[in-house]
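Trainee: Structure incoming, see below.
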Amino acid sequence: MIVLGIESSCDETGIALYDTDKGLLSHALYSQIALHAEYGGVVPELASRDHIRRIVPLLEQAFEKALLTPQDVNAIAYTKGPGLAGALLVGSSVASSLGLALNKPLIGVHHLEGHLLSPLLASKPPVFPFVALLVSGGHTQLMRVDGVGRYELLGETLDDAAGEAFDKSAKLLGLPYPGGPEISLLAEKGNPEVFHLPRPMLHSKDLNFSFSGLKTAVLTTLKKQGDSPSEQVKADIARAFVNAIVEVLAAKCALALRQTGLKQLVVAGGVGANRQLRAALNGMAAKRRCQVFYPELEFCTDNGAMIAFAGAMHLMQNPDAAQKDYAFTVRPRWPLEELTV
Ligand code: ATP
Ligand code: MG
Ligand code: FE
């Protein structure tokens with residue numbers, strides 16, 4: 001079965017073709033980062049308009065790379081939510097029109113499920129069941145994953161997501177948007193002994209997180225350094241921030257592995273690309289004789305491959321999962337727990 005995947009929930013337009021026998025055939029991606037950078041964050045209306053501009057050329061690219069035509073596709077998967085309503089509507093209306101024109105079934109995919117299953121696209125994938133740490137721009141959750149569509153929420157952030165904490169703290173340090181990768185690079189030049197920031201909820205004994213206080217701690221630390229802190233001071237603060245957030249994430253993953261008795265940890269979402277986090281998780285897992293799995297770097301942030309893959313997995317498991325009509329409905333807010341069968 002060949003599934004076309006369409007992602008347009010936020011500021012990346014992603015298209016991919018996934019074959020359940022041969023794996024990923026092709027994928028094409030356009031990131032609007034440069035478009036939103038001057039505003040310091042994603043502007044929803046600009047995002048929708050740019051998805052409209054990019055989506056058809058990207059579709060053509062993906063088909064060309066795979067040496068396929070739209071008629072070769074067996075089903076069309078698109079991101080149904082959660083995300084920006086206008087942005088989601090672009091992907092869903094293109095999916096519906098293609099489905100209607102080609103007489104192919106549609107499947108609406110949950111964006112976070114796409115992230116969650118993306119490590120299964122790697123050459124050495126984990127096997128169910130596993131613990132998943134989902135760390136993206138909008139979410140921070142620990143889940144127990146027993147199979148496709150079988151997710152149990154173990155804990156989540158009570159306020160900011162990890163990616164949001166990275167981006168907001170980076171902004172405070174004067175770094176460009178999106179700040180996650182920037183603050184991570186700056187932190188590598190920082191001295192870890194200079195500043196110490198709090199580790200929120202490290203000892204809360206549950207699997208929840210809270211990161212908004214950490215961002216405030218970055219702000220107060222920075223303010224104490226006067227009007228124009230040196231690059232080295234900023235790097236030291238960046239290092240303190242990264243160390244704090246990474247320590248909390250790794251400790252909660254260790255607790256989730258202990259509580260569930262599982263031996264595999266899967267990391268998904270944009271922050272999963274973070275080098276310091278990967279080092280900490282690898283160290284933690286080695287001590288516990290557990291294994292950690294990451295998506296390929298290019299599939300950590302939003303992409304069409306994870307949507308094609310998640311759609312294909314659902315259709316393989318249950319052909320009735322396909323939509324009965326071509327009406328396009330999106331779910332800008334859609335709790336992942338609703339998927340659990
Ligand atoms: P969601 O999936 O929750 O709707 P999203 O799609 O915006 O949110 P992703 O695309 O998965 O999130 O990830 C983007 C986030 O990942 C941003 O906050 C970005 O700063 C962060 N990020 C990306 N690379 C890194 C990195 N190397 N270090 C830290 N953070 C990173
Ligand atoms: Mg993005
Ligand atoms: Fe995402």
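Chain lettering (A, B, ...) mirrors the order of the structure tokens, residue numbering begins at 1 for each chain separately, and ligand numbering begins at 1 in order of display.
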Within 12 Å of Phe309 in chain A, counting only C-alpha atoms, which residues show up once you throw out same-chain ones fewer than 3 positions away? Write them as JSON, numbers by chain, please.

Mentor: {"A": [1, 2, 3, 4, 5, 6, 7, 15, 16, 17, 18, 19, 20, 21, 22, 23, 24, 25, 26, 27, 75, 76, 77, 78, 79, 107, 109, 110, 111, 113, 114, 115, 116, 117, 118, 119, 120, 121, 122, 148, 299, 303, 304, 305, 306, 312, 313, 314, 315, 316]}

Trainee: Write the selection just made, keeping N, CA and C atoms, as a compact mmCIF listing (two decimals), in the first residue's frame?

Mentor:
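Just written: part-v9.txt:
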# COMPACT_ATOMS: atom_id res chain seq x y z
N MET A 1 0.84 -1.19 0.00
CA MET A 1 0.00 0.00 0.00
C MET A 1 0.89 1.26 0.00
N ILE A 2 0.57 2.20 -0.90
CA ILE A 2 1.33 3.44 -0.95
C ILE A 2 0.45 4.56 -0.40
N VAL A 3 0.98 5.27 0.61
CA VAL A 3 0.21 6.35 1.24
C VAL A 3 0.92 7.68 1.02
N LEU A 4 0.13 8.66 0.58
CA LEU A 4 0.63 10.03 0.46
C LEU A 4 0.38 10.72 1.79
N GLY A 5 1.39 11.42 2.32
CA GLY A 5 1.24 12.13 3.60
C GLY A 5 1.35 13.62 3.39
N ILE A 6 0.46 14.37 4.05
CA ILE A 6 0.47 15.84 3.92
C ILE A 6 0.46 16.46 5.31
N GLU A 7 1.48 17.25 5.61
CA GLU A 7 1.57 17.92 6.90
C GLU A 7 1.54 19.44 6.70
N ILE A 15 5.44 16.89 2.56
CA ILE A 15 4.76 15.91 1.71
C ILE A 15 5.64 14.67 1.66
N ALA A 16 5.02 13.48 1.71
CA ALA A 16 5.83 12.26 1.62
C ALA A 16 5.02 11.13 1.02
N LEU A 17 5.74 10.17 0.47
CA LEU A 17 5.12 8.95 -0.05
C LEU A 17 5.73 7.78 0.69
N TYR A 18 4.87 7.00 1.36
CA TYR A 18 5.33 5.86 2.14
C TYR A 18 4.70 4.58 1.60
N ASP A 19 5.55 3.58 1.40
CA ASP A 19 5.11 2.29 0.89
C ASP A 19 5.23 1.28 2.03
N THR A 20 4.14 0.58 2.35
CA THR A 20 4.18 -0.35 3.50
C THR A 20 5.11 -1.54 3.23
N ASP A 21 5.47 -1.79 1.98
CA ASP A 21 6.45 -2.85 1.70
C ASP A 21 7.87 -2.31 1.62
N LYS A 22 8.02 -1.18 0.93
CA LYS A 22 9.38 -0.68 0.66
C LYS A 22 9.85 0.43 1.59
N GLY A 23 8.97 0.94 2.42
CA GLY A 23 9.35 2.04 3.31
C GLY A 23 9.14 3.39 2.66
N LEU A 24 9.88 4.38 3.15
CA LEU A 24 9.70 5.75 2.65
C LEU A 24 10.23 5.87 1.22
N LEU A 25 9.39 6.33 0.31
CA LEU A 25 9.81 6.44 -1.10
C LEU A 25 10.39 7.81 -1.40
N SER A 26 9.77 8.85 -0.83
CA SER A 26 10.29 10.20 -1.04
C SER A 26 9.64 11.13 -0.04
N HIS A 27 10.29 12.26 0.17
CA HIS A 27 9.62 13.29 0.97
C HIS A 27 10.15 14.65 0.56
N ALA A 75 -3.90 5.62 -0.69
CA ALA A 75 -4.64 6.40 0.30
C ALA A 75 -3.90 7.71 0.56
N ILE A 76 -4.65 8.68 1.09
CA ILE A 76 -4.06 9.99 1.37
C ILE A 76 -4.23 10.30 2.85
N ALA A 77 -3.10 10.50 3.54
CA ALA A 77 -3.12 10.85 4.96
C ALA A 77 -2.78 12.32 5.10
N TYR A 78 -3.50 13.01 5.95
CA TYR A 78 -3.20 14.43 6.17
C TYR A 78 -3.31 14.73 7.65
N THR A 79 -2.63 15.78 8.09
CA THR A 79 -2.71 16.17 9.50
C THR A 79 -4.04 16.86 9.75
N ILE A 107 -7.35 9.63 5.22
CA ILE A 107 -7.29 9.39 6.66
C ILE A 107 -6.70 10.61 7.36
N VAL A 109 -4.84 12.32 10.29
CA VAL A 109 -3.86 11.86 11.27
C VAL A 109 -3.68 12.90 12.38
N HIS A 110 -3.50 12.40 13.60
CA HIS A 110 -3.19 13.26 14.74
C HIS A 110 -1.70 13.62 14.66
N HIS A 111 -1.42 14.92 14.66
CA HIS A 111 -0.03 15.38 14.49
C HIS A 111 0.93 14.78 15.53
N GLU A 113 0.60 11.99 17.14
CA GLU A 113 0.79 10.57 16.86
C GLU A 113 1.86 10.42 15.78
N GLY A 114 1.84 11.34 14.82
CA GLY A 114 2.89 11.34 13.80
C GLY A 114 4.26 11.46 14.45
N HIS A 115 4.42 12.43 15.35
CA HIS A 115 5.70 12.59 16.05
C HIS A 115 6.04 11.31 16.82
N LEU A 116 5.03 10.80 17.53
CA LEU A 116 5.22 9.65 18.41
C LEU A 116 5.71 8.41 17.66
N LEU A 117 5.20 8.21 16.46
CA LEU A 117 5.56 7.02 15.70
C LEU A 117 6.78 7.24 14.80
N SER A 118 7.25 8.50 14.71
CA SER A 118 8.34 8.79 13.76
C SER A 118 9.62 7.98 14.00
N PRO A 119 9.96 7.61 15.25
CA PRO A 119 11.17 6.79 15.42
C PRO A 119 11.04 5.41 14.76
N LEU A 120 9.81 4.98 14.47
CA LEU A 120 9.62 3.69 13.81
C LEU A 120 10.04 3.73 12.34
N LEU A 121 10.27 4.94 11.81
CA LEU A 121 10.74 5.09 10.44
C LEU A 121 12.24 4.83 10.32
N ALA A 122 12.93 4.79 11.47
CA ALA A 122 14.39 4.65 11.45
C ALA A 122 14.77 3.23 11.03
N VAL A 148 -0.01 0.80 17.79
CA VAL A 148 -0.57 1.92 17.03
C VAL A 148 -1.97 2.21 17.59
N PHE A 299 13.52 14.09 10.75
CA PHE A 299 12.14 13.78 11.09
C PHE A 299 11.79 14.10 12.54
N ASN A 303 7.16 17.15 9.58
CA ASN A 303 7.47 16.59 8.26
C ASN A 303 6.30 15.77 7.76
N GLY A 304 6.27 15.49 6.46
CA GLY A 304 5.19 14.71 5.88
C GLY A 304 5.37 13.21 6.07
N ALA A 305 6.64 12.78 6.25
CA ALA A 305 6.90 11.34 6.35
C ALA A 305 6.18 10.73 7.54
N MET A 306 6.22 11.42 8.67
CA MET A 306 5.58 10.85 9.87
C MET A 306 4.07 10.77 9.71
N ALA A 312 -0.56 5.19 7.26
CA ALA A 312 -0.40 3.83 6.73
C ALA A 312 -0.57 2.79 7.84
N MET A 313 0.00 3.06 9.03
CA MET A 313 -0.10 2.11 10.14
C MET A 313 -1.57 1.89 10.52
N HIS A 314 -2.33 2.99 10.58
CA HIS A 314 -3.75 2.86 10.94
C HIS A 314 -4.53 2.08 9.89
N LEU A 315 -4.25 2.36 8.62
CA LEU A 315 -4.99 1.68 7.55
C LEU A 315 -4.63 0.20 7.49
N MET A 316 -3.37 -0.13 7.79
CA MET A 316 -2.95 -1.53 7.81
C MET A 316 -3.69 -2.27 8.91

Trainee: Chain A near ligand 1 within 6 Å: what's each residue's closest atom pair and its distance in Å to one decimal, counting only C-alpha atoms and all ligand atoms, ordered by chain then ascending residue number, as JSON lines?

Mentor:
{"residue": "A:Gly83", "atom": "CA", "partner": "ligand 1", "partner_atom_place_in_ligand_line": "4 (O)", "distance": 5.9}
{"residue": "A:Leu112", "atom": "CA", "partner": "ligand 1", "partner_atom_place_in_ligand_line": "2 (O)", "distance": 5.9}
{"residue": "A:Ser136", "atom": "CA", "partner": "ligand 1", "partner_atom_place_in_ligand_line": "11 (O)", "distance": 3.9}
{"residue": "A:Gly137", "atom": "CA", "partner": "ligand 1", "partner_atom_place_in_ligand_line": "12 (O)", "distance": 3.6}
{"residue": "A:Gly138", "atom": "CA", "partner": "ligand 1", "partner_atom_place_in_ligand_line": "3 (O)", "distance": 3.3}
{"residue": "A:His139", "atom": "CA", "partner": "ligand 1", "partner_atom_place_in_ligand_line": "3 (O)", "distance": 4.3}
{"residue": "A:Gly163", "atom": "CA", "partner": "ligand 1", "partner_atom_place_in_ligand_line": "18 (O)", "distance": 3.4}
{"residue": "A:Glu164", "atom": "CA", "partner": "ligand 1", "partner_atom_place_in_ligand_line": "18 (O)", "distance": 5.1}
{"residue": "A:Phe166", "atom": "CA", "partner": "ligand 1", "partner_atom_place_in_ligand_line": "20 (O)", "distance": 5.9}
{"residue": "A:Asp167", "atom": "CA", "partner": "ligand 1", "partner_atom_place_in_ligand_line": "20 (O)", "distance": 5.2}
{"residue": "A:Pro178", "atom": "CA", "partner": "ligand 1", "partner_atom_place_in_ligand_line": "20 (O)", "distance": 4.9}
{"residue": "A:Gly179", "atom": "CA", "partner": "ligand 1", "partner_atom_place_in_ligand_line": "20 (O)", "distance": 5.1}
{"residue": "A:Gly180", "atom": "CA", "partner": "ligand 1", "partner_atom_place_in_ligand_line": "20 (O)", "distance": 3.3}
{"residue": "A:Pro181", "atom": "CA", "partner": "ligand 1", "partner_atom_place_in_ligand_line": "26 (C)", "distance": 3.9}
{"residue": "A:Ser184", "atom": "CA", "partner": "ligand 1", "partner_atom_place_in_ligand_line": "28 (N)", "distance": 5.5}
{"residue": "A:Gly269", "atom": "CA", "partner": "ligand 1", "partner_atom_place_in_ligand_line": "11 (O)", "distance": 3.8}
{"residue": "A:Gly270", "atom": "CA", "partner": "ligand 1", "partner_atom_place_in_ligand_line": "13 (O)", "distance": 3.2}
{"residue": "A:Val271", "atom": "CA", "partner": "ligand 1", "partner_atom_place_in_ligand_line": "30 (N)", "distance": 3.9}
{"residue": "A:Ala273", "atom": "CA", "partner": "ligand 1", "partner_atom_place_in_ligand_line": "27 (N)", "distance": 4.6}
{"residue": "A:Asn274", "atom": "CA", "partner": "ligand 1", "partner_atom_place_in_ligand_line": "27 (N)", "distance": 3.6}
{"residue": "A:Thr301", "atom": "CA", "partner": "ligand 1", "partner_atom_place_in_ligand_line": "10 (O)", "distance": 3.6}
{"residue": "A:Asp302", "atom": "CA", "partner": "ligand 1", "partner_atom_place_in_ligand_line": "10 (O)", "distance": 4.3}

Trainee: What do you get as JSON, numbers by chain if you pick all residues at most 6 Å from ligand 2, counting only C-alpha atoms and all ligand atoms?

Mentor: {"A": [10, 11, 12, 302]}

Trainee: Take the residues just selected and output them with all heavy atoms as a CSV table (one decimal), in the first residue's frame.

Mentor:
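File produced: part-v1.csv:
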chain,number,residue,atom,x,y,z
A,10,CYS,N,1.6,23.7,11.2
A,10,CYS,CA,2.2,24.9,11.8
A,10,CYS,C,2.9,25.7,10.7
A,10,CYS,O,2.3,26.3,9.8
A,10,CYS,CB,3.0,24.5,13.0
A,10,CYS,SG,3.6,25.9,13.9
A,11,ASP,N,4.3,25.6,10.8
A,11,ASP,CA,5.1,26.4,9.8
A,11,ASP,C,5.9,25.6,8.9
A,11,ASP,O,6.9,26.1,8.4
A,11,ASP,CB,5.9,27.5,10.6
A,11,ASP,CG,6.9,26.8,11.6
A,11,ASP,OD1,6.7,25.6,11.9
A,11,ASP,OD2,7.8,27.5,12.0
A,12,GLU,N,5.6,24.3,8.8
A,12,GLU,CA,6.3,23.5,7.8
A,12,GLU,C,5.3,22.8,6.9
A,12,GLU,O,4.3,22.3,7.4
A,12,GLU,CB,7.1,22.3,8.5
A,12,GLU,CG,8.6,22.6,8.8
A,12,GLU,CD,8.7,23.2,10.2
A,12,GLU,OE1,7.9,23.0,11.0
A,12,GLU,OE2,9.7,24.0,10.4
A,302,ASP,N,8.6,19.0,12.3
A,302,ASP,CA,7.4,18.6,11.5
A,302,ASP,C,7.8,18.2,10.1
A,302,ASP,O,8.7,18.7,9.5
A,302,ASP,CB,6.5,19.8,11.4
A,302,ASP,CG,5.9,20.1,12.8
A,302,ASP,OD1,6.0,19.2,13.7
A,302,ASP,OD2,5.3,21.1,12.9

Trainee: Which one of A:Ala161, A:Val233, A:Leu59, A:Ala256 sits closest to ligand 3 if you count only C-alpha atoms and all ligand atoms?

Mentor: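 Using only C-alpha atoms and all ligand atoms, ligand 3 sits closest to A:Ala161.
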
Trainee: How many Å separate CA of Leu257 in chain A from CA of Ala238 in chain A?

Mentor: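 Going from CA of Leu257 in chain A over to CA of Ala238 in chain A covers 28.5 Å.
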
Trainee: Could you give me, as a VMD selection string, each residue of range 42-260 of chain A that DSSP assigns to alpha helix (DSSP H) when run on this structure's backbone?

Mentor: chain A and resid 44 to 66 85 to 102 111 to 117 162 to 172 179 to 187 212 to 223 231 to 260

Trainee: Can you work out which one of A:Ala217, A:Cys300, A:Ile52, A:Cys253 has the shortest atom-to-atom distance to ligand 3, counting only C-alpha atoms and all ligand atoms?

Mentor: A:Cys300
